[in-house]
Structure formats: structure tokens, C-alpha cells
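What's in input.tsv: TSV, C-alpha atoms and all ligand atoms
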chain	number	residue	atom	x	y	z
A	1	MET	CA	-15.04	-14.21	-17.93
A	2	ALA	CA	-13.64	-17.29	-16.20
A	3	ASN	CA	-11.04	-15.10	-14.55
A	4	TRP	CA	-13.64	-12.59	-13.37
A	5	SER	CA	-15.78	-15.34	-11.95
A	6	THR	CA	-12.81	-16.74	-9.97
A	7	LEU	CA	-11.93	-13.26	-8.71
A	8	HIS	CA	-15.55	-12.57	-7.82
A	9	THR	CA	-15.67	-15.71	-5.67
A	10	LYS	CA	-12.43	-14.73	-3.94
A	11	ILE	CA	-13.66	-11.17	-3.30
A	12	ASN	CA	-16.54	-12.65	-1.34
A	13	GLN	CA	-14.17	-14.95	0.57
A	14	TYR	CA	-11.25	-12.60	1.17
A	15	LEU	CA	-12.81	-9.16	1.48
A	16	CYS	CA	-15.40	-7.31	3.54
A	17	PRO	CA	-17.14	-3.96	3.04
A	18	PRO	CA	-14.93	-0.84	2.97
A	19	GLY	CA	-14.08	0.26	6.52
A	20	ASN	CA	-14.80	-3.14	8.09
A	21	GLY	CA	-11.28	-4.54	7.80
A	22	VAL	CA	-10.52	-3.96	11.48
A	23	PHE	CA	-12.50	-6.60	13.33
A	24	THR	CA	-14.38	-4.75	16.09
A	25	VAL	CA	-17.71	-4.80	17.83
A	26	ASN	CA	-18.04	-1.19	18.94
A	27	THR	CA	-14.81	0.71	18.32
A	28	ALA	CA	-15.17	3.38	15.60
A	29	GLN	CA	-18.74	2.25	14.94
A	30	GLU	CA	-19.86	5.82	14.22
A	31	ARG	CA	-17.02	6.40	11.82
A	32	LYS	CA	-17.83	3.19	9.96
A	33	ALA	CA	-21.49	4.23	9.83
A	34	THR	CA	-20.54	7.60	8.33
A	35	LEU	CA	-18.51	5.88	5.62
A	36	HIS	CA	-21.23	3.33	4.84
A	37	ASN	CA	-23.86	6.07	4.65
A	38	HIS	CA	-21.62	7.94	2.24
A	39	LEU	CA	-20.99	4.87	0.07
A	40	TYR	CA	-24.36	3.10	0.18
A	41	GLY	CA	-26.83	5.60	1.62
A	42	THR	CA	-27.53	3.23	4.51
A	43	THR	CA	-25.94	1.57	7.52
A	44	GLU	CA	-28.26	-1.46	7.31
A	45	ASN	CA	-27.37	-4.61	5.36
A	46	VAL	CA	-24.00	-3.16	4.43
A	47	VAL	CA	-22.67	-6.55	3.33
A	48	ALA	CA	-25.50	-6.94	0.81
A	49	ALA	CA	-25.02	-3.38	-0.49
A	50	TRP	CA	-21.29	-3.97	-0.88
A	51	GLN	CA	-21.81	-7.33	-2.62
A	52	GLU	CA	-24.17	-5.73	-5.09
A	53	GLN	CA	-21.66	-2.97	-5.79
A	54	VAL	CA	-18.88	-5.54	-6.30
A	55	ASN	CA	-20.99	-7.24	-9.01
A	56	GLY	CA	-20.30	-4.16	-11.16
A	57	LEU	CA	-16.51	-4.35	-11.01
A	58	ASN	CA	-16.26	-6.20	-14.32
A	59	ASP	CA	-17.98	-3.31	-16.15
A	60	ASP	CA	-16.08	-0.49	-14.45
A	61	ASN	CA	-13.03	1.34	-15.79
A	62	ARG	CA	-11.91	3.24	-12.73
A	63	PRO	CA	-8.83	2.39	-10.65
A	64	VAL	CA	-9.65	-0.01	-7.82
A	65	LEU	CA	-9.14	0.88	-4.16
A	66	LEU	CA	-8.33	-1.86	-1.64
A	67	GLY	CA	-7.85	-1.55	2.14
A	68	VAL	CA	-5.32	-3.75	3.96
A	69	CYS	CA	-5.88	-3.14	7.69
A	70	SER	CA	-2.86	-5.09	8.90
A	71	ASP	CA	-0.20	-3.63	11.20
A	72	THR	CA	1.23	-6.89	12.50
A	73	GLY	CA	4.32	-6.30	10.36
A	74	GLY	CA	5.03	-3.02	12.18
A	75	GLY	CA	6.67	-3.06	15.54
A	76	ILE	CA	7.41	0.32	17.11
A	77	LEU	CA	4.15	2.22	17.38
A	78	ARG	CA	1.23	0.34	15.86
A	79	GLY	CA	-2.09	1.73	14.69
A	80	ALA	CA	-1.81	1.78	10.88
A	81	ASN	CA	-4.61	-0.82	10.79
A	82	TRP	CA	-6.97	2.18	11.01
A	83	GLY	CA	-5.44	3.86	7.95
A	84	PRO	CA	-7.96	2.54	5.39
A	85	LEU	CA	-11.08	3.71	7.27
A	86	PHE	CA	-9.76	7.20	8.05
A	87	LEU	CA	-8.05	7.83	4.70
A	88	ARG	CA	-11.17	6.80	2.80
A	89	GLN	CA	-13.20	9.34	4.74
A	90	ALA	CA	-10.53	11.99	4.13
A	91	LEU	CA	-10.65	11.22	0.39
A	92	LEU	CA	-14.45	11.56	0.39
A	93	ASN	CA	-14.43	14.81	2.40
A	94	GLY	CA	-11.30	16.27	0.93
A	95	GLU	CA	-10.62	19.03	-1.53
A	96	PHE	CA	-8.75	16.69	-3.88
A	97	SER	CA	-11.25	15.00	-6.13
A	98	CYS	CA	-10.57	11.55	-7.50
A	99	ASP	CA	-12.72	8.70	-8.72
A	100	TYR	CA	-12.21	5.04	-7.94
A	101	PHE	CA	-14.01	1.73	-7.42
A	102	ASP	CA	-13.84	0.78	-3.74
A	103	VAL	CA	-13.64	-3.03	-3.67
A	104	GLY	CA	-13.43	-3.28	0.14
A	105	ASP	CA	-10.98	-4.38	2.82
A	106	ILE	CA	-8.98	-7.59	3.20
A	107	ARG	CA	-10.38	-9.64	6.10
A	108	VAL	CA	-7.61	-9.46	8.68
A	109	ILE	CA	-6.91	-11.74	11.63
A	110	PRO	CA	-4.88	-9.16	13.57
A	111	HIS	CA	-2.56	-11.67	15.26
A	112	LEU	CA	-1.26	-13.09	11.98
A	113	LEU	CA	1.22	-11.83	9.40
A	114	HIS	CA	2.11	-14.48	6.79
A	115	ASP	CA	1.04	-18.13	6.53
A	116	LYS	CA	4.63	-19.35	6.34
A	117	TYR	CA	5.02	-18.45	10.05
A	118	LEU	CA	2.05	-20.65	11.11
A	119	ASN	CA	1.70	-24.27	12.10
A	120	ASP	CA	-0.92	-26.57	10.54
A	121	ALA	CA	-3.23	-26.56	13.56
A	122	THR	CA	-3.41	-22.75	13.59
A	123	ILE	CA	-4.04	-22.62	9.85
A	124	THR	CA	-6.87	-25.14	10.22
A	125	ASN	CA	-8.46	-23.15	13.08
A	126	CYS	CA	-8.21	-19.91	11.17
A	127	ARG	CA	-9.69	-21.47	8.00
A	128	LYS	CA	-12.64	-22.49	10.10
A	129	ALA	CA	-12.96	-18.95	11.49
A	130	LEU	CA	-12.62	-17.13	8.15
A	131	TYR	CA	-14.23	-19.54	5.69
A	132	ASP	CA	-16.26	-21.79	7.98
A	133	ASP	CA	-14.37	-24.71	6.42
A	134	LYS	CA	-11.39	-26.36	8.10
A	135	ASP	CA	-10.65	-28.28	4.89
A	136	SER	CA	-10.40	-25.12	2.81
A	137	SER	CA	-7.09	-24.57	1.00
A	138	LEU	CA	-7.29	-20.77	1.18
A	139	PRO	CA	-4.69	-18.57	2.92
A	140	VAL	CA	-5.50	-17.05	6.34
A	141	SER	CA	-2.87	-14.39	7.12
A	142	PRO	CA	-3.28	-10.82	5.84
A	143	LEU	CA	-0.16	-10.77	3.66
A	144	SER	CA	-0.88	-14.23	2.21
A	145	ILE	CA	-4.52	-13.35	1.46
A	146	THR	CA	-3.46	-10.04	-0.10
A	147	GLU	CA	-0.97	-11.72	-2.43
A	148	ASP	CA	-3.48	-14.30	-3.63
A	149	PHE	CA	-6.16	-11.62	-4.06
A	150	CYS	CA	-3.79	-9.46	-6.13
A	151	ASP	CA	-2.65	-12.42	-8.27
A	152	GLU	CA	-6.29	-13.15	-9.07
A	153	PHE	CA	-7.03	-9.45	-9.63
A	154	TYR	CA	-4.27	-9.03	-12.23
A	155	ARG	CA	-5.30	-12.28	-13.97
A	156	ALA	CA	-8.86	-10.97	-14.32
A	157	PHE	CA	-7.93	-7.33	-15.02
A	158	PRO	CA	-4.40	-7.01	-16.41
A	159	GLU	CA	-5.09	-3.41	-17.43
A	160	LYS	CA	-6.75	-2.14	-14.23
A	161	GLY	CA	-4.83	-0.05	-11.71
A	162	LEU	CA	-4.89	-1.10	-8.06
A	163	PHE	CA	-4.43	1.47	-5.28
A	164	ALA	CA	-4.07	0.02	-1.78
A	165	ILE	CA	-4.22	1.67	1.62
A	166	GLY	CA	-2.21	0.14	4.47
A	167	GLY	CA	-1.58	-0.96	7.04
A	168	ASP	CA	2.07	-1.00	8.01
A	169	HIS	CA	4.61	-1.14	5.20
A	170	SER	CA	4.82	-4.97	5.19
A	171	VAL	CA	1.57	-4.94	3.20
A	172	SER	CA	3.56	-3.63	0.23
A	173	TYR	CA	5.39	-6.96	0.07
A	174	PRO	CA	2.41	-8.89	-1.38
A	175	LEU	CA	1.10	-5.85	-3.29
A	176	VAL	CA	4.38	-5.16	-5.09
A	177	LYS	CA	5.37	-8.81	-5.50
A	178	SER	CA	2.08	-9.66	-7.18
A	179	TYR	CA	2.24	-6.52	-9.35
A	180	LEU	CA	5.79	-7.34	-10.51
A	181	LYS	CA	4.90	-10.96	-11.30
A	182	ALA	CA	1.84	-9.82	-13.30
A	183	LYS	CA	3.77	-7.23	-15.28
A	184	LYS	CA	6.52	-9.75	-16.03
A	185	ASP	CA	3.85	-12.11	-17.41
A	186	GLN	CA	2.45	-9.25	-19.50
A	187	GLY	CA	5.93	-8.56	-20.89
A	188	LYS	CA	5.96	-5.02	-19.47
A	189	LYS	CA	9.05	-3.37	-18.03
A	190	VAL	CA	8.27	-1.64	-14.74
A	191	ALA	CA	10.08	0.13	-11.92
A	192	LEU	CA	9.43	0.73	-8.23
A	193	ILE	CA	9.22	4.29	-6.89
A	194	HIS	CA	9.45	4.18	-3.09
A	195	PHE	CA	8.98	7.16	-0.76
A	196	ASP	CA	10.16	6.58	2.82
A	197	ALA	CA	12.27	8.00	5.66
A	198	HIS	CA	13.77	4.51	6.00
A	199	THR	CA	15.34	2.17	3.46
A	200	ASP	CA	13.22	-0.88	4.45
A	201	LEU	CA	16.23	-2.89	3.28
A	202	LEU	CA	16.82	-5.14	6.28
A	203	VAL	CA	17.26	-8.81	5.37
A	204	GLU	CA	15.34	-9.75	8.51
A	205	ARG	CA	14.35	-8.22	11.85
A	206	LEU	CA	14.60	-10.44	14.93
A	207	GLY	CA	14.33	-13.48	12.65
A	208	ILE	CA	11.27	-12.27	10.72
A	209	ASP	CA	12.07	-11.73	7.04
A	210	ILE	CA	8.82	-10.05	5.93
A	211	CYS	CA	8.12	-6.92	7.98
A	212	PHE	CA	7.89	-3.14	7.71
A	213	GLY	CA	11.68	-2.80	7.76
A	214	SER	CA	12.55	-5.54	5.28
A	215	TRP	CA	9.87	-5.83	2.60
A	216	VAL	CA	11.89	-4.11	-0.17
A	217	THR	CA	14.76	-6.59	0.11
A	218	HIS	CA	12.46	-9.46	-0.77
A	219	ILE	CA	10.90	-8.04	-3.92
A	220	LEU	CA	14.08	-6.71	-5.57
A	221	ASP	CA	14.68	-9.84	-7.65
A	222	GLU	CA	11.22	-9.54	-9.21
A	223	LEU	CA	12.23	-6.20	-10.80
A	224	PRO	CA	13.70	-6.09	-14.34
A	225	SER	CA	16.94	-5.19	-12.53
A	226	ARG	CA	17.65	-4.12	-8.96
A	227	ASP	CA	18.57	-0.59	-9.99
A	228	MET	CA	14.96	-0.09	-11.08
A	229	ALA	CA	14.10	0.51	-7.40
A	230	PHE	CA	14.27	4.24	-6.65
A	231	GLN	CA	13.97	5.46	-3.06
A	232	PHE	CA	13.10	9.07	-2.16
A	233	GLY	CA	13.16	10.85	1.19
A	234	ILE	CA	15.55	8.56	3.08
A	235	ARG	CA	17.11	10.16	6.17
A	236	SER	CA	16.89	7.77	9.11
A	237	SER	CA	19.56	5.17	8.45
A	238	GLY	CA	22.49	3.73	10.36
A	239	ARG	CA	24.47	3.45	7.12
A	240	PRO	CA	25.26	5.88	4.30
A	241	ARG	CA	23.62	5.85	0.88
A	242	GLU	CA	26.68	4.18	-0.70
A	243	HIS	CA	26.25	1.14	1.54
A	244	TRP	CA	22.67	0.50	0.45
A	245	GLU	CA	23.35	1.21	-3.23
A	246	SER	CA	26.39	-1.05	-3.40
A	247	THR	CA	24.90	-3.85	-1.25
A	248	PHE	CA	21.41	-3.99	-2.78
A	249	GLY	CA	21.79	-2.28	-6.16
A	250	VAL	CA	18.95	0.20	-5.49
A	251	ARG	CA	19.17	3.95	-6.17
A	252	GLN	CA	18.52	6.41	-3.36
A	253	PHE	CA	17.75	10.11	-3.17
A	254	TRP	CA	17.98	11.17	0.45
A	255	THR	CA	16.01	14.18	1.66
A	256	LYS	CA	19.22	16.19	1.97
A	257	ASP	CA	20.09	15.43	-1.69
A	258	ILE	CA	16.60	16.50	-2.79
A	259	ASN	CA	16.86	19.73	-0.77
A	260	GLU	CA	20.33	20.53	-2.11
A	261	ARG	CA	19.65	19.74	-5.77
A	262	GLY	CA	15.96	20.57	-5.93
A	263	ALA	CA	13.20	18.04	-6.56
A	264	SER	CA	13.01	18.88	-10.31
A	265	ASP	CA	16.67	18.13	-10.90
A	266	VAL	CA	16.39	14.82	-9.04
A	267	VAL	CA	13.25	13.67	-10.83
A	268	ASN	CA	14.74	14.60	-14.22
A	269	GLU	CA	17.70	12.32	-13.50
A	270	VAL	CA	15.31	9.50	-12.55
A	271	ILE	CA	13.16	10.01	-15.67
A	272	ALA	CA	16.28	9.80	-17.84
A	273	LYS	CA	17.33	6.55	-16.14
A	274	LEU	CA	13.85	5.05	-16.50
A	275	LYS	CA	13.78	5.96	-20.20
A	276	ALA	CA	17.28	4.59	-20.78
A	277	ASN	CA	16.00	1.29	-19.34
A	278	ASN	CA	12.85	1.27	-21.52
A	279	ILE	CA	10.57	1.34	-18.46
A	280	GLU	CA	6.89	1.50	-19.43
A	281	GLU	CA	4.97	1.58	-16.14
A	282	LEU	CA	5.55	2.45	-12.49
A	283	TYR	CA	4.46	1.23	-9.06
A	284	VAL	CA	4.58	3.96	-6.38
A	285	SER	CA	4.76	2.89	-2.74
A	286	PHE	CA	4.33	5.82	-0.37
A	287	ASP	CA	5.22	5.53	3.32
A	288	ILE	CA	3.72	8.66	4.91
A	289	ASP	CA	6.86	9.04	7.06
A	290	ALA	CA	8.73	10.14	3.93
A	291	LEU	CA	7.11	13.49	4.74
A	292	ASP	CA	8.49	15.64	7.53
A	293	ALA	CA	7.01	14.86	10.96
A	294	HIS	CA	5.40	18.32	10.85
A	295	TYR	CA	3.07	17.05	8.09
A	296	ALA	CA	2.98	13.39	9.09
A	297	ALA	CA	3.04	12.89	12.85
A	298	ALA	CA	0.21	10.35	12.99
A	299	THR	CA	2.50	7.47	12.04
A	300	GLY	CA	4.54	4.81	13.81
A	301	THR	CA	8.02	6.18	13.14
A	302	PRO	CA	7.76	9.93	12.45
A	303	GLU	CA	11.03	11.55	11.41
A	304	PRO	CA	12.07	15.23	11.30
A	305	ASP	CA	13.85	16.91	8.37
A	306	GLY	CA	11.70	15.15	5.79
A	307	LEU	CA	10.14	15.99	2.46
A	308	SER	CA	7.38	18.57	2.17
A	309	PRO	CA	4.13	17.47	0.51
A	310	GLU	CA	5.01	19.90	-2.35
A	311	GLN	CA	8.28	18.08	-3.05
A	312	ALA	CA	6.55	14.69	-3.11
A	313	VAL	CA	3.75	16.02	-5.32
A	314	LEU	CA	6.26	17.50	-7.76
A	315	ILE	CA	8.23	14.25	-8.05
A	316	ILE	CA	5.09	12.12	-8.59
A	317	SER	CA	3.54	14.61	-11.03
A	318	GLU	CA	6.66	14.77	-13.19
A	319	LEU	CA	6.93	10.97	-13.25
A	320	ALA	CA	3.23	10.67	-14.13
A	321	LYS	CA	3.72	12.96	-17.15
A	322	GLU	CA	6.22	10.51	-18.64
A	323	PHE	CA	5.07	7.07	-17.42
A	324	LYS	CA	1.87	5.25	-16.63
A	325	ILE	CA	1.43	4.62	-12.91
A	326	THR	CA	-0.43	1.30	-12.76
A	327	GLY	CA	-0.03	0.33	-9.11
A	328	ALA	CA	0.35	2.34	-5.91
A	329	ASP	CA	-0.09	2.29	-2.17
A	330	MET	CA	-0.29	4.71	0.77
A	331	VAL	CA	0.86	3.12	4.02
A	332	GLU	CA	1.70	3.76	7.68
A	333	ILE	CA	-0.98	6.37	8.42
A	334	ALA	CA	-1.92	5.64	12.05
A	335	PRO	CA	-4.73	8.08	12.82
A	336	PHE	CA	-4.94	7.39	16.57
A	337	LEU	CA	-1.26	8.24	17.12
A	338	ASN	CA	-0.35	11.70	18.36
A	339	THR	CA	3.42	11.78	18.34
A	340	ASN	CA	4.01	15.53	18.67
A	341	GLU	CA	4.82	16.55	22.22
A	342	ASP	CA	2.58	19.61	21.92
A	343	GLY	CA	-0.47	17.60	20.87
A	344	GLY	CA	-2.04	19.55	18.05
A	345	ASN	CA	-3.98	18.20	15.09
A	346	ASP	CA	-1.60	15.47	13.99
A	347	ARG	CA	-4.41	13.33	12.60
A	348	GLU	CA	-5.95	16.02	10.39
A	349	LYS	CA	-2.59	17.21	9.04
A	350	THR	CA	-1.41	13.68	8.29
A	351	LEU	CA	-4.69	12.75	6.61
A	352	ALA	CA	-4.65	15.99	4.59
A	353	ALA	CA	-1.19	15.24	3.20
A	354	GLY	CA	-1.99	11.54	2.77
A	355	SER	CA	-5.21	12.24	0.90
A	356	GLU	CA	-3.59	14.84	-1.37
A	357	ILE	CA	-0.90	12.38	-2.45
A	358	SER	CA	-3.37	9.47	-2.66
A	359	ALA	CA	-5.69	11.50	-4.92
A	360	LEU	CA	-2.74	12.42	-7.12
A	361	LEU	CA	-1.79	8.74	-7.46
A	362	ILE	CA	-5.38	7.61	-8.12
A	363	ASN	CA	-5.82	10.32	-10.77
A	364	ALA	CA	-2.54	9.28	-12.37
A	365	MET	CA	-3.93	5.74	-12.63
A	366	SER	CA	-7.21	6.83	-14.25
B	401	MN	MN	8.46	2.02	5.05
As C-alpha cells, the full file:
Amino acid sequence: MANWSTLHTKINQYLCPPGNGVFTVNTAQERKATLHNHLYGTTENVVAAWQEQVNGLNDDNRPVLLGVCSDTGGGILRGANWGPLFLRQALLNGEFSCDYFDVGDIRVIPHLLHDKYLNDATITNCRKALYDDKDSSLPVSPLSITEDFCDEFYRAFPEKGLFAIGGDHSVSYPLVKSYLKAKKDQGKKVALIHFDAHTDLLVERLGIDICFGSWVTHILDELPSRDMAFQFGIRSSGRPREHWESTFGVRQFWTKDINERGASDVVNEVIAKLKANNIEELYVSFDIDALDAHYAAATGTPEPDGLSPEQAVLIISELAKEFKITGADMVEIAPFLNTNEDGGNDREKTLAAGSEISALLINAMS
């Protein structure tokens, strides 16, 4: 109970009602109202309604959904900060049913990334803004807040699954790091399943070590071994697969390998490797750009020649039959981006694919 009480306090400090993670006055007000009506039956006193709902988390068995509306770690086309609001609505409207406890959104100062990049004066000012207390010792940047929230979450609820919606892919750094630390403490052997068009294996980008292109590099040493990171859907890379595998120790299945061999054959090989390593549970991080740009154009770095939703669904479903999925995220959905030259319904298609895969992951965690 002590752990729940600490987490409960931090939820009220770190989070805000679902859909409110992007700090705005008027933008998307109607969309937020639709979501709040759906969740609470009202658009009035949403904070009070959310706080009352959060009181029930301790007595709830469903997987927990968290929004992280940060895209400061991106850097080409931004806009994934709107992913949590739009994907939630798509999950509620969609044909793929799933049940979860929506705990809310991380409170995001959109100019910040991680506290280690800040000076003391900025941290003090931001503590005053977020917590109304310049002498607070709490973190202020989205990735730092997310990591401390997740650490507290796993202390209170070691058995609960956490499903997060990004945000750009840098948000997976605190999500996965905290998950791996928690599972190590629990004595459980886990592996990372990562869907992406890109390897995200830079050491740094323009001097910044934690960003959308480098987050994987900095969690590898928290895994039982580096070869327990499996990447699917890679195709946009300046270097061949052998370079990444020999330099970082990860295992990759590029889209062309999956198309040549078939998704079943590939996933069977991965299942055998996971079993040979006595892996018990999985974390699945899904960058929507793993899918072909035809299905996922509303994203910052869409790439052609990618996976179909069917291939991704097959791989996740087969893994879920053999292993417990206890952590997952869906990132890089940027609903305001229309990257296809011919316009079209990029947003709806991307949200349809994103919600299908999110529902599959949430159901696998139930
Ligand atoms: Mn990525």
C-alpha cells in the first residue's frame, strides 16, 4: 500500500487527464471534449473526474494506458505529440475492441527533452511552473518524468502491463529502460521486440545522445544480453544488417528478409531463439513507420517498401502465443501530417493500422 500511495501522489503531480498532454488553450478543444465526454460523460471538471477514476487504479486488473505527448526528441517532421489524443479516439471508435485503464498523459513542457540537458536555473523555473514549488526535487522534462513515473509504477504494480502512446520514439528510452530495470529486479528474463523502418542505433545525433534515432543504443546494456533485442521492418539504413549486428549485437529482420522468407518463418526463428535463452516476457516497441508508407503516411519519416499491417499482426500474434507481453508502446503517429503527395486520408489509414496493432498489444497484455 505504501507503494501505491507514493505512485498515487506522483500521478497527481506528473500526469493530467487523458488527451490533455499537449498544453493548449484552444487547439483541438473539440477533439478533447469528445474524448472527455466518452470517458467521463462530461466536459466539465475533467480534472476532478479523472482524479476520481485514478483512485480506482489499485483495484483494477486491466493493462494501463499512458500518453506521452512529447516530440522534442524527433527532428525531421514533428507532430507525434498529438498521437495520444487521436489514437485514443481511434481505439474508442474502432472495430478492434480492447479494455484498459487510462491513467492519463504525462505533463509535457514541449521545449524540454531530458533534465540532463538543462541548467539549474531552468530546472528551478520549470519546477515552479509544473509543481508550483521551486524547491521541489521532482523532474521537469518529459523523458525524465516518464522514467520516474514508470519506476514508481512498476514498484507499486510489478505484475501490471503498461501500454504507452507516443510521442516520438525517444519516449521509448525511459519506458523501456524502466521496464528492463523492473524486470531485472523481479528476476525475470525479458527481450525487446522493436518494429521500425530505422535501426534507431545512432550513438548520438548532433551531440544529443537520447533522441528518436538513438534510444535503442542506450538501453541495450539493460537487456539480459544485447542479442535479446530483435528489430523487424528495417529498410532505411546507410549501413547493411551485418554492420548493426556485429557492432551492437542486436538481431535484425529487414523488410526484404521478411518478404523473402515469409513472416511465419522469421517469427519461428525468433521464438526458438527466445526459448533457447529462457526468455519469459516481452516488451514490444512499435514505430508506426515500420509499416509501409501506404498504411502509415501520417508520421515524421514515412518509408516505402515496408511491412503490411498483416505481417506485423502475424509476428506479434505468434509471439503472444508463446510469451507474455508485459510492456508495449505505439509511437510516431503524427495525425496532422499528410506526407503523401496526392493528399488522401493519411490520418485515417494510419490511425486504423495503429489502432489495430495497439488493440492487439493491449489484448495480449490482458
Ligand atoms: Mn523509431
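Of the listed residues A:Ser136, A:Asn3, A:Ser144, A:Thr72, the one whose atoms come nearest to A:Lys116 is A:Ser144, with distances taken using only C-alpha atoms.
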A:Leu91 proximity check over A:His38, A:Arg78, A:Leu274, A:Lys128, using all atoms listed in the file: winner is A:His38
If we count all atoms listed in the file, what is near A:Glu152 at a cut-off of 10 Å, once residues fewer than 5 positions away on the same chain are taken out, given as a PDB file with C-alpha atoms, in the frame of the given file?
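What follows is the written file out_29.pdb:
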ATOM      1  CA  ASN A   3     -11.040 -15.100 -14.550  1.00  0.00           C
ATOM      2  CA  TRP A   4     -13.640 -12.590 -13.370  1.00  0.00           C
ATOM      3  CA  THR A   6     -12.810 -16.740  -9.970  1.00  0.00           C
ATOM      4  CA  LEU A   7     -11.930 -13.260  -8.710  1.00  0.00           C
ATOM      5  CA  HIS A   8     -15.550 -12.570  -7.820  1.00  0.00           C
ATOM      6  CA  LYS A  10     -12.430 -14.730  -3.940  1.00  0.00           C
ATOM      7  CA  ILE A  11     -13.660 -11.170  -3.300  1.00  0.00           C
ATOM      8  CA  THR A 146      -3.460 -10.040  -0.100  1.00  0.00           C
ATOM      9  CA  GLU A 147      -0.970 -11.720  -2.430  1.00  0.00           C
ATOM     10  CA  PHE A 157      -7.930  -7.330 -15.020  1.00  0.00           C
ATOM     11  CA  PRO A 158      -4.400  -7.010 -16.410  1.00  0.00           C
ATOM     12  CA  SER A 178       2.080  -9.660  -7.180  1.00  0.00           C
ATOM     13  CA  ALA A 182       1.840  -9.820 -13.300  1.00  0.00           C
TER      14      ALA A 182
END
Correct to one decimal, the distance atom CA of A:His194-atom CA of A:Pro17 is 28.5 Å
Atom CA of A:Thr42 sits from atom CA of A:Val103 at a separation of 17.3 Å
Which residues of chain A have any atom within 6 Å of an atom in ligand MN 401 (chain B) when counting only C-alpha atoms and all ligand atoms, and what is the closest pair of atoms for each, with the distance in Å to one decimal? Order the rows by chain and rising number and write it as CSV.
residue,atom,partner,partner_atom,distance
A:His169,CA,B:MN401,MN,5.0
A:Asp196,CA,B:MN401,MN,5.4
A:His198,CA,B:MN401,MN,5.9
A:Asp200,CA,B:MN401,MN,5.6
A:Phe212,CA,B:MN401,MN,5.8
A:Asp287,CA,B:MN401,MN,5.1
Query - For atom CA of A:Ile145 and atom CA of A:Leu201, the interatomic separation in Å (one decimal) - result: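 Spanning atom CA of A:Ile145 to atom CA of A:Leu201 is a straight-line distance of 23.3 Å.
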Min atom-atom distance to A:Leu162 from the set A:Ala263, A:Leu85, A:Leu175, A:Ile333, counting all atoms listed in the file, belongs to A:Leu175
Around the point (-4.5, 14.1, 14.6), in the coordinates given by the file, pick out the residues reaching within 12 Å, counting all atoms listed in the file, and return them as a PDB file with C-alpha atoms, in the frame of the given file.
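Contents of part30.pdb, as written:
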ATOM      1  CA  PHE A  86      -9.760   7.200   8.050  1.00  0.00           C
ATOM      2  CA  HIS A 294       5.400  18.320  10.850  1.00  0.00           C
ATOM      3  CA  TYR A 295       3.070  17.050   8.090  1.00  0.00           C
ATOM      4  CA  ALA A 296       2.980  13.390   9.090  1.00  0.00           C
ATOM      5  CA  ALA A 297       3.040  12.890  12.850  1.00  0.00           C
ATOM      6  CA  ALA A 298       0.210  10.350  12.990  1.00  0.00           C
ATOM      7  CA  THR A 299       2.500   7.470  12.040  1.00  0.00           C
ATOM      8  CA  ILE A 333      -0.980   6.370   8.420  1.00  0.00           C
ATOM      9  CA  ALA A 334      -1.920   5.640  12.050  1.00  0.00           C
ATOM     10  CA  PRO A 335      -4.730   8.080  12.820  1.00  0.00           C
ATOM     11  CA  PHE A 336      -4.940   7.390  16.570  1.00  0.00           C
ATOM     12  CA  LEU A 337      -1.260   8.240  17.120  1.00  0.00           C
ATOM     13  CA  ASN A 338      -0.350  11.700  18.360  1.00  0.00           C
ATOM     14  CA  THR A 339       3.420  11.780  18.340  1.00  0.00           C
ATOM     15  CA  ASN A 340       4.010  15.530  18.670  1.00  0.00           C
ATOM     16  CA  ASP A 342       2.580  19.610  21.920  1.00  0.00           C
ATOM     17  CA  GLY A 343      -0.470  17.600  20.870  1.00  0.00           C
ATOM     18  CA  GLY A 344      -2.040  19.550  18.050  1.00  0.00           C
ATOM     19  CA  ASN A 345      -3.980  18.200  15.090  1.00  0.00           C
ATOM     20  CA  ASP A 346      -1.600  15.470  13.990  1.00  0.00           C
ATOM     21  CA  ARG A 347      -4.410  13.330  12.600  1.00  0.00           C
ATOM     22  CA  GLU A 348      -5.950  16.020  10.390  1.00  0.00           C
ATOM     23  CA  LYS A 349      -2.590  17.210   9.040  1.00  0.00           C
ATOM     24  CA  THR A 350      -1.410  13.680   8.290  1.00  0.00           C
ATOM     25  CA  LEU A 351      -4.690  12.750   6.610  1.00  0.00           C
ATOM     26  CA  ALA A 352      -4.650  15.990   4.590  1.00  0.00           C
ATOM     27  CA  ALA A 353      -1.190  15.240   3.200  1.00  0.00           C
TER      28      ALA A 353
END
Report task. Using all atoms listed in the file, pick whichever of A:Val266, A:Ile109, A:Ile234, A:Leu361 has the shortest atom-to-atom distance to A:Asp292. Result ->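 Nearest candidate to A:Asp292 out of A:Val266, A:Ile109, A:Ile234, A:Leu361: A:Ile234.
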Report task. Do a neighbour search on A:Tyr100 at 9 Å with only C-alpha atoms, toss out local chain neighbours closer than 4 positions, and write the hits as number ranges by chain. Result -> A: 61-65, 163, 362-363, 366
Across A:Gly300, A:Pro309, A:Gly354, A:Pro110, the smallest distance to A:Ile76, with all atoms listed in the file counted, is shown by A:Gly300
I'd like the neighbourhood of A:Trp254 as a ChimeraX atom specification, where a residue qualifies if any of its atoms comes within 9 Å (using only C-alpha atoms), though same-chain residues fewer than 6 positions away should be ignored. /A:197,231-235,241
Output file for the residues above (C-alpha atoms, as a JSON list (two decimals), in the frame of the given file):
[["chain", "number", "residue", "atom", "x", "y", "z"],
["A", 197, "ALA", "CA", 12.27, 8.00, 5.66],
["A", 231, "GLN", "CA", 13.97, 5.46, -3.06],
["A", 232, "PHE", "CA", 13.10, 9.07, -2.16],
["A", 233, "GLY", "CA", 13.16, 10.85, 1.19],
["A", 234, "ILE", "CA", 15.55, 8.56, 3.08],
["A", 235, "ARG", "CA", 17.11, 10.16, 6.17],
["A", 241, "ARG", "CA", 23.62, 5.85, 0.88]]
query = Contacts of A:Ile123 at 9 Å or less, counting only C-alpha atoms, minus same-chain residues fewer than 6 places along, as a PyMOL selection string?
reply = chain A and resi 115+134+139-141
